[in-house]
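Working notes, beginning with the structure itself.
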Amino acid sequence: QKITRPPPTPSPLRFSKFFQANLRILVTGGAGFIGSHLVDKLMENEKHEVIVVDNFFTGSKDNLRKWIGHPRFELIRHDVTQPLLVEVDQIYHLACPASPIFYKYNPVKTIKTNVIGTLNMLGLAKRVGARILLTSTSEVYGDPLEHPQKEEYWGNVNPIGVRSCYDEGKRVAETLMFDYHRQHGIEIRIARIFNTYGPRMNIDDGRVVSNFIAQALRGEPLTVQAPGTQTRSFCFVSDMVDGLIRLMEGDNTGPINLGNPGEFTMMELAETVKELIDPNVPLKTVENTPDDPRQRKPDISKAKELLGWEPKITLREGLPLMEDDFRLRLGVPKKTNK
Ligand code: NAD
Ligand code: UDP
Ligand code: UDP
């Protein structure tokens, strides 16, 4: 997309930039699962200052424990549905619950977070001349009629369903991003994230990988929601963070799909977790939730071509890393074969 209007005049508040070599980066939702891994990666660069803004709805300070008190790090308890005044150079805008259990808990709040929260972050980006990246979602494709999903596909979304606060919310967030880009010359980046898993996911957040691993460790049946033939593609969180940073640093607005193209049915996932963690644990078919997409797999040609990115970690490599983290948090030691 070409910018048709002149870029905004930098705000006088950014004058300080001439005196400081550091890049100041805001991460909204930085206390969450993906956000905290992104913060870890950004903090590795000594030229970065990182500000996290989070209301701790699904995130926790614990995820950022190692950075609290660090001179290049700041943590602010703040809700993005309220205006925010900070001076930054880049904004990674992640704030939004991602698990269906949490985003359906208070759907009105979810849509406010997506719409008003994104509007506020765009207003902020406009005022200070920052580049802003939105973490959108594969859910914008709804229950897709094209497979795999390319960025050009407009989606098949129910506007009045129980998932709409999330998927329609993200669709409006994408619209706002492009309108601020076209109308005000804001530098935008949009990532459409497909299912991501890894350490620090909420243990009881209801998503399938965390459910199966927690169930296997507790010796409970793995709850496969009917019919079990629905598919998803699972990306390990370090690959996702790498993709997000490449997108922010590159020259393309997106939207760009980020995800792992390996496609599995939920039955296959359950069998894999069972084999890796506990071959004795049973599978149990349970009722599904409304509007559950039947298949989902990213076409990542654009990310490969434009960002030189593709996931490196396979499901069989990533699951044990998550298992270790869940064992620690659940207090379930590894069995030894003595
Ligand atoms: P998460 O729930 O762990 O993290 C979201 C963070 O945002 C939490 O720390 C939460 O407290 C915070 N938050 C929520 N509402 C807020 C508000 N109004 N103001 C301030 N903070 C708020 O989820 P995640 O998996 O890390 O997802 C991060 C982003 O990636 C989200 O935007 C999500 O939509 C997107 N995404 C994630 C996945 C995935 O598989 N994990 C897939 C697609 C898109
Ligand atoms: N905003 C913000 N921080 C800023 C600048 C703006 O939170 O540093 C919010 C502001 O409160 C408004 C939104 O971003 O609700 C959109 O701002 P914009 O300037 O684009 O629109 P306007 O204020 O004219 O409605
Ligand atoms: N699922 C399942 N068992 C569970 C939780 C989820 O079989 O305990 C299925 C669910 O029906 C869906 C898929 O796993 O088809 C992915 O669901 P999740 O909530 O993890 O993410 P989504 O991709 O739907 O946002």
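Lettering and numbering for the structure tokens are positional, with chains as A, B, ... in the shown order, residues counted from 1 in each chain, and ligands counted from 1 in the shown order.
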Next on the checklist: To test your reading of the structure, identify every residue in stretch 160-233 of chain A that backbone DSSP assigns to strand (DSSP E), and report it as an MDAnalysis selection string.
Outcome noted: chainID A and resid 188:193 196:197 222:225 231:233
Atoms to include: C-alpha atoms. Write the selected residues as a compact mmCIF listing (two decimals), in the first residue's frame.
# COMPACT_ATOMS: atom_id res chain seq x y z
CA ILE A 188 1.20 0.60 10.24
CA ARG A 189 1.93 -3.14 10.34
CA ILE A 190 -0.72 -5.87 10.64
CA ALA A 191 0.07 -9.47 11.60
CA ARG A 192 -2.66 -12.09 11.28
CA ILE A 193 -1.59 -14.57 13.93
CA THR A 196 0.32 -20.01 18.90
CA TYR A 197 1.44 -22.11 21.87
CA LEU A 222 -8.12 -35.33 26.98
CA THR A 223 -11.32 -33.50 25.97
CA VAL A 224 -11.56 -33.68 22.18
CA GLN A 225 -14.42 -31.45 21.07
CA THR A 231 -7.94 -28.79 11.98
CA ARG A 232 -5.58 -26.12 13.31
CA SER A 233 -1.94 -25.17 12.74
Considering only C-alpha atoms and all ligand atoms, tabulate each residue of chain A that lies at most 6 Å from ligand 3 along with its nearest interatomic pair and the corresponding distance in Å to one decimal; arrange the rows by chain and ascending residue number and present them as a Markdown table.
| residue | atom | partner | partner_atom_place_in_ligand_line | distance |
| --- | --- | --- | --- | --- |
| A:Pro100 | CA | ligand 3 | 19 (O) | 5.8 |
| A:Asn195 | CA | ligand 3 | 23 (O) | 5.9 |
| A:Gly206 | CA | ligand 3 | 5 (C) | 5.8 |
| A:Arg207 | CA | ligand 3 | 20 (O) | 3.3 |
| A:Val208 | CA | ligand 3 | 5 (C) | 3.8 |
| A:Asn211 | CA | ligand 3 | 8 (O) | 5.1 |
| A:Thr223 | CA | ligand 3 | 8 (O) | 4.8 |
| A:Val224 | CA | ligand 3 | 7 (O) | 3.7 |
| A:Gln225 | CA | ligand 3 | 7 (O) | 3.7 |
| A:Gln230 | CA | ligand 3 | 15 (O) | 5.5 |
| A:Met266 | CA | ligand 3 | 7 (O) | 5.4 |
| A:Asn288 | CA | ligand 3 | 11 (O) | 5.4 |
| A:Asp292 | CA | ligand 3 | 15 (O) | 5.8 |
Could you write out that same residue set with C-alpha atoms as a short mmCIF file (atom, residue, chain, number, x, y, z; two decimals), in the first residue's frame?
data_model
loop_
_atom_site.label_atom_id
_atom_site.label_comp_id
_atom_site.auth_asym_id
_atom_site.auth_seq_id
_atom_site.Cartn_x
_atom_site.Cartn_y
_atom_site.Cartn_z
CA PRO A 100 -12.36 -17.89 23.71
CA ASN A 195 -2.83 -20.47 16.83
CA GLY A 206 -9.30 -23.32 27.65
CA ARG A 207 -7.27 -23.38 24.46
CA VAL A 208 -6.64 -26.79 23.06
CA ASN A 211 -5.95 -28.05 27.88
CA THR A 223 -11.32 -33.50 25.97
CA VAL A 224 -11.56 -33.68 22.18
CA GLN A 225 -14.42 -31.45 21.07
CA GLN A 230 -11.47 -30.03 12.70
CA MET A 266 -7.66 -32.23 17.10
CA ASN A 288 -18.15 -28.37 20.70
CA ASP A 292 -16.07 -23.41 15.65
#
Item to check | Residues within 7 Å of A:Gly30, only C-alpha atoms, excluding chain neighbours under 4 positions, as a list in words | outcome: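 Listed by chain and then number, they are Gly35, Ser36, Val39, Val52, Val53 and Asp54 of chain A.
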Item to check | Contacts of ligand 2, 8 Å or closer, only C-alpha atoms and all ligand atoms, given as a PyMOL selection string | outcome: chain A and resi 80+82-87+116+119-128+180
Written selection (N, CA and C atoms) as a PDB file, in the first residue's frame:
ATOM      1  N   VAL A  80      -6.297  -0.119  27.896  1.00  0.00           N
ATOM      2  CA  VAL A  80      -6.153   0.612  26.623  1.00  0.00           C
ATOM      3  C   VAL A  80      -7.459   1.239  26.125  1.00  0.00           C
ATOM      4  N   GLN A  82      -8.859   3.366  27.724  1.00  0.00           N
ATOM      5  CA  GLN A  82      -8.696   4.750  28.189  1.00  0.00           C
ATOM      6  C   GLN A  82      -7.516   5.375  27.446  1.00  0.00           C
ATOM      7  N   PRO A  83      -7.560   6.703  27.196  1.00  0.00           N
ATOM      8  CA  PRO A  83      -6.446   7.351  26.502  1.00  0.00           C
ATOM      9  C   PRO A  83      -5.128   7.173  27.260  1.00  0.00           C
ATOM     10  N   LEU A  84      -4.045   7.158  26.519  1.00  0.00           N
ATOM     11  CA  LEU A  84      -2.721   6.925  27.117  1.00  0.00           C
ATOM     12  C   LEU A  84      -1.746   7.963  26.570  1.00  0.00           C
ATOM     13  N   LEU A  85      -1.019   8.614  27.468  1.00  0.00           N
ATOM     14  CA  LEU A  85      -0.015   9.589  27.037  1.00  0.00           C
ATOM     15  C   LEU A  85       1.374   9.077  27.388  1.00  0.00           C
ATOM     16  N   VAL A  86       2.114   8.640  26.383  1.00  0.00           N
ATOM     17  CA  VAL A  86       3.531   8.285  26.555  1.00  0.00           C
ATOM     18  C   VAL A  86       4.240   8.696  25.261  1.00  0.00           C
ATOM     19  N   GLU A  87       5.557   8.851  25.323  1.00  0.00           N
ATOM     20  CA  GLU A  87       6.313   9.220  24.115  1.00  0.00           C
ATOM     21  C   GLU A  87       7.120   8.003  23.699  1.00  0.00           C
ATOM     22  N   ILE A 116     -12.011   0.595  20.700  1.00  0.00           N
ATOM     23  CA  ILE A 116     -11.574   1.836  21.360  1.00  0.00           C
ATOM     24  C   ILE A 116     -10.079   1.741  21.694  1.00  0.00           C
ATOM     25  N   LEU A 119      -8.177   2.377  18.560  1.00  0.00           N
ATOM     26  CA  LEU A 119      -8.321   3.802  18.218  1.00  0.00           C
ATOM     27  C   LEU A 119      -7.378   4.646  19.080  1.00  0.00           C
ATOM     28  N   ASN A 120      -7.341   4.373  20.378  1.00  0.00           N
ATOM     29  CA  ASN A 120      -6.460   5.132  21.272  1.00  0.00           C
ATOM     30  C   ASN A 120      -4.993   4.951  20.901  1.00  0.00           C
ATOM     31  N   MET A 121      -4.600   3.718  20.575  1.00  0.00           N
ATOM     32  CA  MET A 121      -3.192   3.482  20.235  1.00  0.00           C
ATOM     33  C   MET A 121      -2.841   4.154  18.904  1.00  0.00           C
ATOM     34  N   LEU A 122      -3.832   4.241  17.986  1.00  0.00           N
ATOM     35  CA  LEU A 122      -3.596   4.948  16.720  1.00  0.00           C
ATOM     36  C   LEU A 122      -3.517   6.461  16.947  1.00  0.00           C
ATOM     37  N   GLY A 123      -4.377   6.970  17.859  1.00  0.00           N
ATOM     38  CA  GLY A 123      -4.296   8.396  18.211  1.00  0.00           C
ATOM     39  C   GLY A 123      -2.936   8.715  18.801  1.00  0.00           C
ATOM     40  N   LEU A 124      -2.454   7.808  19.647  1.00  0.00           N
ATOM     41  CA  LEU A 124      -1.124   7.968  20.245  1.00  0.00           C
ATOM     42  C   LEU A 124      -0.041   7.938  19.159  1.00  0.00           C
ATOM     43  N   ALA A 125      -0.137   6.955  18.257  1.00  0.00           N
ATOM     44  CA  ALA A 125       0.845   6.831  17.174  1.00  0.00           C
ATOM     45  C   ALA A 125       0.861   8.103  16.329  1.00  0.00           C
ATOM     46  N   LYS A 126      -0.322   8.664  16.089  1.00  0.00           N
ATOM     47  CA  LYS A 126      -0.435   9.880  15.280  1.00  0.00           C
ATOM     48  C   LYS A 126       0.228  11.065  16.000  1.00  0.00           C
ATOM     49  N   ARG A 127      -0.044  11.180  17.306  1.00  0.00           N
ATOM     50  CA  ARG A 127       0.493  12.323  18.057  1.00  0.00           C
ATOM     51  C   ARG A 127       2.021  12.289  18.112  1.00  0.00           C
ATOM     52  N   VAL A 128       2.592  11.105  18.315  1.00  0.00           N
ATOM     53  CA  VAL A 128       4.058  11.053  18.511  1.00  0.00           C
ATOM     54  C   VAL A 128       4.799  10.590  17.257  1.00  0.00           C
ATOM     55  N   TYR A 180      -6.278   5.113   9.393  1.00  0.00           N
ATOM     56  CA  TYR A 180      -5.269   6.047   9.928  1.00  0.00           C
ATOM     57  C   TYR A 180      -4.062   6.122   8.987  1.00  0.00           C
TER      58      TYR A 180
END
Can you check which parts of chain A lie within 6 Å of ligand 1? Per residue, the shortest pair of atoms and distance in Å to one decimal, counting only C-alpha atoms and all ligand atoms, sorted by chain and number, as a tab-separated table.
residue	atom	partner	partner_atom_place_in_ligand_line	distance
A:Gly29	CA	ligand 1	7 (O)	3.4
A:Gly30	CA	ligand 1	9 (O)	5.7
A:Ala31	CA	ligand 1	9 (O)	4.1
A:Gly32	CA	ligand 1	9 (O)	3.2
A:Phe33	CA	ligand 1	26 (O)	3.7
A:Ile34	CA	ligand 1	26 (O)	3.7
A:Gly35	CA	ligand 1	26 (O)	5.3
A:Asp54	CA	ligand 1	21 (N)	3.7
A:Asn55	CA	ligand 1	20 (C)	4.2
A:Phe56	CA	ligand 1	11 (O)	3.6
A:Phe57	CA	ligand 1	11 (O)	3.8
A:Thr58	CA	ligand 1	11 (O)	4.0
A:Gly59	CA	ligand 1	9 (O)	3.1
A:His78	CA	ligand 1	20 (C)	5.8
A:Asp79	CA	ligand 1	19 (N)	3.5
A:Val80	CA	ligand 1	19 (N)	4.1
A:Thr81	CA	ligand 1	18 (N)	5.6
A:Leu94	CA	ligand 1	32 (O)	3.9
A:Ala95	CA	ligand 1	7 (O)	3.5
A:Cys96	CA	ligand 1	14 (C)	3.8
A:Pro97	CA	ligand 1	2 (O)	3.9
A:Ala98	CA	ligand 1	33 (C)	4.4
A:Thr113	CA	ligand 1	18 (N)	4.7
A:Thr135	CA	ligand 1	32 (O)	5.0
A:Ser136	CA	ligand 1	44 (C)	5.5
A:Thr137	CA	ligand 1	43 (C)	4.1
A:Ile193	CA	ligand 1	43 (C)	4.2
A:Phe194	CA	ligand 1	42 (C)	4.9
A:Asn195	CA	ligand 1	40 (O)	3.5
A:Thr196	CA	ligand 1	40 (O)	3.8
Export C-alpha atoms of the chosen residues as an mmCIF file, in the first residue's frame?
data_model
loop_
_atom_site.group_PDB
_atom_site.id
_atom_site.type_symbol
_atom_site.label_atom_id
_atom_site.label_comp_id
_atom_site.auth_asym_id
_atom_site.auth_seq_id
_atom_site.Cartn_x
_atom_site.Cartn_y
_atom_site.Cartn_z
ATOM 1 C CA GLY A 29 -0.697 -6.587 26.506
ATOM 2 C CA GLY A 30 2.979 -7.186 27.342
ATOM 3 C CA ALA A 31 2.154 -9.126 30.517
ATOM 4 C CA GLY A 32 0.365 -11.791 28.468
ATOM 5 C CA PHE A 33 1.589 -14.958 26.812
ATOM 6 C CA ILE A 34 2.963 -13.697 23.458
ATOM 7 C CA GLY A 35 3.602 -10.169 24.800
ATOM 8 C CA ASP A 54 -1.461 -4.035 30.694
ATOM 9 C CA ASN A 55 -4.658 -4.262 32.756
ATOM 10 C CA PHE A 56 -3.730 -7.803 33.934
ATOM 11 C CA PHE A 57 -7.057 -9.291 32.799
ATOM 12 C CA THR A 58 -5.383 -12.425 31.416
ATOM 13 C CA GLY A 59 -1.733 -11.458 31.851
ATOM 14 C CA HIS A 78 -3.524 0.713 32.392
ATOM 15 C CA ASP A 79 -6.561 -0.224 30.321
ATOM 16 C CA VAL A 80 -6.153 0.612 26.623
ATOM 17 C CA THR A 81 -9.825 1.588 26.364
ATOM 18 C CA LEU A 94 -1.311 -6.836 21.557
ATOM 19 C CA ALA A 95 -3.742 -5.953 24.359
ATOM 20 C CA CYS A 96 -6.797 -8.192 23.974
ATOM 21 C CA PRO A 97 -7.740 -11.523 25.536
ATOM 22 C CA ALA A 98 -7.017 -14.279 22.995
ATOM 23 C CA THR A 113 -10.722 -3.301 23.799
ATOM 24 C CA THR A 135 -1.696 -8.388 16.315
ATOM 25 C CA SER A 136 -4.762 -9.377 14.365
ATOM 26 C CA THR A 137 -5.869 -12.964 14.039
ATOM 27 C CA ILE A 193 -1.591 -14.572 13.926
ATOM 28 C CA PHE A 194 -2.626 -18.234 13.722
ATOM 29 C CA ASN A 195 -2.832 -20.472 16.826
ATOM 30 C CA THR A 196 0.316 -20.015 18.895
#
Item to check | Contact residues around A:Cys235 with only C-alpha atoms at 9 Å, ignoring same-chain residues under 6 positions, as a ChimeraX atom specification | outcome: /A:194-198,258-262,311,313-315,318
Item to check | Residue nearest A:Tyr105 among A:Val50, A:Leu306, A:Leu328, A:Val162 (counting only C-alpha atoms) | outcome: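 Closest to A:Tyr105 of all the choices is A:Val162.
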Next on the checklist: For a quick check of understanding, using only C-alpha atoms, which of A:Leu42, A:Val140, A:Val27, A:Ile68 has the smallest distance to A:Val88?
Outcome noted: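 Counting only C-alpha atoms, the residue closest to A:Val88 is A:Val27.
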Next on the checklist: List as a list in words the protein and nucleic acid residues near A:Gly331, meaning an atom at most 10 Å away when only C-alpha atoms are counted, but skip any in the same chain fewer than 5 places from it.
Outcome noted: Leu217, Asp325 and Phe326 of chain A
Item to check | Separation of atom CA of A:Lys61 from atom CA of A:Val237, in Å and rounded to one decimal | outcome: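 Interatomic distance, atom CA of A:Lys61 to atom CA of A:Val237: 18.7 Å.
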Checklist entry - Leaving out A:Phe212 and any residue of its chain fewer than 2 positions from it, which residues lie within 12 Å of it when counting only C-alpha atoms, given as an MDAnalysis selection string? => result chainID A and resid 197 203:210 214:225 266:278 281:284 319 322:323 326
If you keep N, CA and C atoms, can you produce a file of those selected residues as a short mmCIF file (atom, residue, chain, number, x, y, z; two decimals), in the first residue's frame?
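Just written: result.cif:
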data_model
loop_
_atom_site.label_atom_id
_atom_site.label_comp_id
_atom_site.auth_asym_id
_atom_site.auth_seq_id
_atom_site.Cartn_x
_atom_site.Cartn_y
_atom_site.Cartn_z
N TYR A 197 1.39 -21.41 20.58
CA TYR A 197 1.44 -22.11 21.87
C TYR A 197 2.86 -22.02 22.42
N ILE A 203 -2.67 -21.86 32.28
CA ILE A 203 -2.91 -23.30 32.38
C ILE A 203 -4.37 -23.65 32.13
N ASP A 204 -5.26 -22.84 32.65
CA ASP A 204 -6.68 -23.16 32.48
C ASP A 204 -7.36 -22.19 31.52
N ASP A 205 -6.65 -21.81 30.46
CA ASP A 205 -7.27 -20.79 29.61
C ASP A 205 -8.17 -21.39 28.54
N GLY A 206 -8.28 -22.70 28.50
CA GLY A 206 -9.30 -23.32 27.65
C GLY A 206 -8.86 -23.59 26.23
N ARG A 207 -7.67 -23.08 25.82
CA ARG A 207 -7.27 -23.38 24.46
C ARG A 207 -6.75 -24.81 24.38
N VAL A 208 -6.77 -25.34 23.18
CA VAL A 208 -6.64 -26.79 23.06
C VAL A 208 -5.27 -27.32 23.51
N VAL A 209 -4.18 -26.65 23.15
CA VAL A 209 -2.86 -27.21 23.50
C VAL A 209 -2.67 -27.18 25.02
N SER A 210 -3.03 -26.03 25.64
CA SER A 210 -2.87 -25.94 27.09
C SER A 210 -3.81 -26.92 27.79
N ALA A 214 -2.25 -29.89 30.17
CA ALA A 214 -2.62 -29.89 31.59
C ALA A 214 -3.39 -31.17 31.95
N GLN A 215 -4.29 -31.58 31.06
CA GLN A 215 -5.08 -32.80 31.33
C GLN A 215 -4.17 -34.03 31.40
N ALA A 216 -3.23 -34.13 30.44
CA ALA A 216 -2.33 -35.29 30.43
C ALA A 216 -1.49 -35.32 31.70
N LEU A 217 -1.02 -34.14 32.16
CA LEU A 217 -0.18 -34.11 33.36
C LEU A 217 -0.99 -34.42 34.62
N ARG A 218 -2.27 -34.06 34.59
CA ARG A 218 -3.12 -34.35 35.76
C ARG A 218 -3.72 -35.75 35.70
N GLY A 219 -3.44 -36.46 34.59
CA GLY A 219 -3.98 -37.80 34.43
C GLY A 219 -5.48 -37.80 34.14
N GLU A 220 -5.97 -36.69 33.60
CA GLU A 220 -7.40 -36.59 33.27
C GLU A 220 -7.59 -36.89 31.78
N PRO A 221 -8.81 -37.30 31.37
CA PRO A 221 -9.04 -37.56 29.94
C PRO A 221 -8.84 -36.30 29.10
N LEU A 222 -8.29 -36.47 27.88
CA LEU A 222 -8.12 -35.33 26.98
C LEU A 222 -9.46 -35.06 26.30
N THR A 223 -9.98 -33.83 26.46
CA THR A 223 -11.32 -33.50 25.97
C THR A 223 -11.26 -33.06 24.50
N VAL A 224 -11.53 -34.01 23.61
CA VAL A 224 -11.56 -33.68 22.18
C VAL A 224 -12.97 -33.21 21.85
N GLN A 225 -13.09 -31.96 21.40
CA GLN A 225 -14.42 -31.45 21.07
C GLN A 225 -14.85 -32.00 19.72
N MET A 266 -7.73 -32.25 15.63
CA MET A 266 -7.66 -32.23 17.10
C MET A 266 -7.45 -33.64 17.64
N MET A 267 -7.93 -34.64 16.90
CA MET A 267 -7.71 -36.02 17.30
C MET A 267 -6.21 -36.35 17.20
N GLU A 268 -5.57 -35.90 16.12
CA GLU A 268 -4.12 -36.14 15.96
C GLU A 268 -3.33 -35.44 17.07
N LEU A 269 -3.75 -34.20 17.39
CA LEU A 269 -3.06 -33.47 18.44
C LEU A 269 -3.17 -34.24 19.77
N ALA A 270 -4.38 -34.71 20.06
CA ALA A 270 -4.60 -35.46 21.31
C ALA A 270 -3.71 -36.71 21.34
N GLU A 271 -3.65 -37.42 20.22
CA GLU A 271 -2.81 -38.64 20.16
C GLU A 271 -1.34 -38.30 20.38
N THR A 272 -0.89 -37.16 19.82
CA THR A 272 0.52 -36.77 19.96
C THR A 272 0.84 -36.43 21.42
N VAL A 273 -0.05 -35.65 22.06
CA VAL A 273 0.18 -35.28 23.46
C VAL A 273 0.18 -36.53 24.34
N LYS A 274 -0.74 -37.43 24.07
CA LYS A 274 -0.85 -38.68 24.82
C LYS A 274 0.46 -39.47 24.71
N GLU A 275 0.94 -39.61 23.48
CA GLU A 275 2.17 -40.37 23.23
C GLU A 275 3.37 -39.72 23.94
N LEU A 276 3.44 -38.37 23.90
CA LEU A 276 4.60 -37.69 24.49
C LEU A 276 4.56 -37.67 26.01
N ILE A 277 3.35 -37.51 26.58
CA ILE A 277 3.29 -37.29 28.03
C ILE A 277 2.84 -38.52 28.82
N ASP A 278 1.76 -39.15 28.38
CA ASP A 278 1.25 -40.29 29.15
C ASP A 278 0.39 -41.20 28.27
N VAL A 281 -3.32 -42.17 29.27
CA VAL A 281 -4.41 -41.23 29.48
C VAL A 281 -5.48 -41.43 28.38
N PRO A 282 -6.77 -41.46 28.75
CA PRO A 282 -7.80 -41.69 27.72
C PRO A 282 -8.20 -40.40 26.97
N LEU A 283 -8.83 -40.57 25.80
CA LEU A 283 -9.42 -39.43 25.09
C LEU A 283 -10.92 -39.46 25.34
N LYS A 284 -11.54 -38.28 25.42
CA LYS A 284 -12.98 -38.24 25.65
C LYS A 284 -13.59 -37.22 24.67
N LEU A 319 6.08 -29.06 21.84
CA LEU A 319 5.23 -29.58 22.94
C LEU A 319 6.04 -29.93 24.19
N MET A 322 6.82 -26.89 26.26
CA MET A 322 5.66 -26.42 27.00
C MET A 322 5.35 -27.36 28.16
N GLU A 323 5.55 -28.65 27.92
CA GLU A 323 5.34 -29.64 28.99
C GLU A 323 6.23 -29.31 30.20
N PHE A 326 4.76 -26.41 32.11
CA PHE A 326 3.53 -26.79 32.81
C PHE A 326 3.83 -27.69 34.01
#
Checklist entry - What is the atom CA of A:Leu307 to atom CA of A:Gly243 distance in Å? => result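 Interatomic distance here is 7.7 Å.
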Checklist entry - Which residues in stretch 166-272 of chain A does DSSP call helix (DSSP H, G or I)? List them as an MDAnalysis selection string. => result chainID A and resid 166:184 208:218 237:249 266:272
Next on the checklist: Neighbouring residues of A:Arg163 were defined as those with any atom within 9 Å, considering only C-alpha atoms; residues of the same chain fewer than 3 positions away were excluded. Please report them as a list in words.
Outcome noted: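 With the cut-off at 9 Å, the set is Pro100, Tyr103, Lys104, Pro107, Glu139, Asn158, Pro159, Ile160, Tyr166, Asp167, Glu168, Pro290, Asp291 and Asp292 of chain A.
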Checklist entry - Could you work out how far atom CA of A:Ile256 lies from atom CA of A:Pro148, giving the answer in Å with one decimal? => result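 We find that atom CA of A:Pro148 and atom CA of A:Ile256 lie 13.8 Å from each other.
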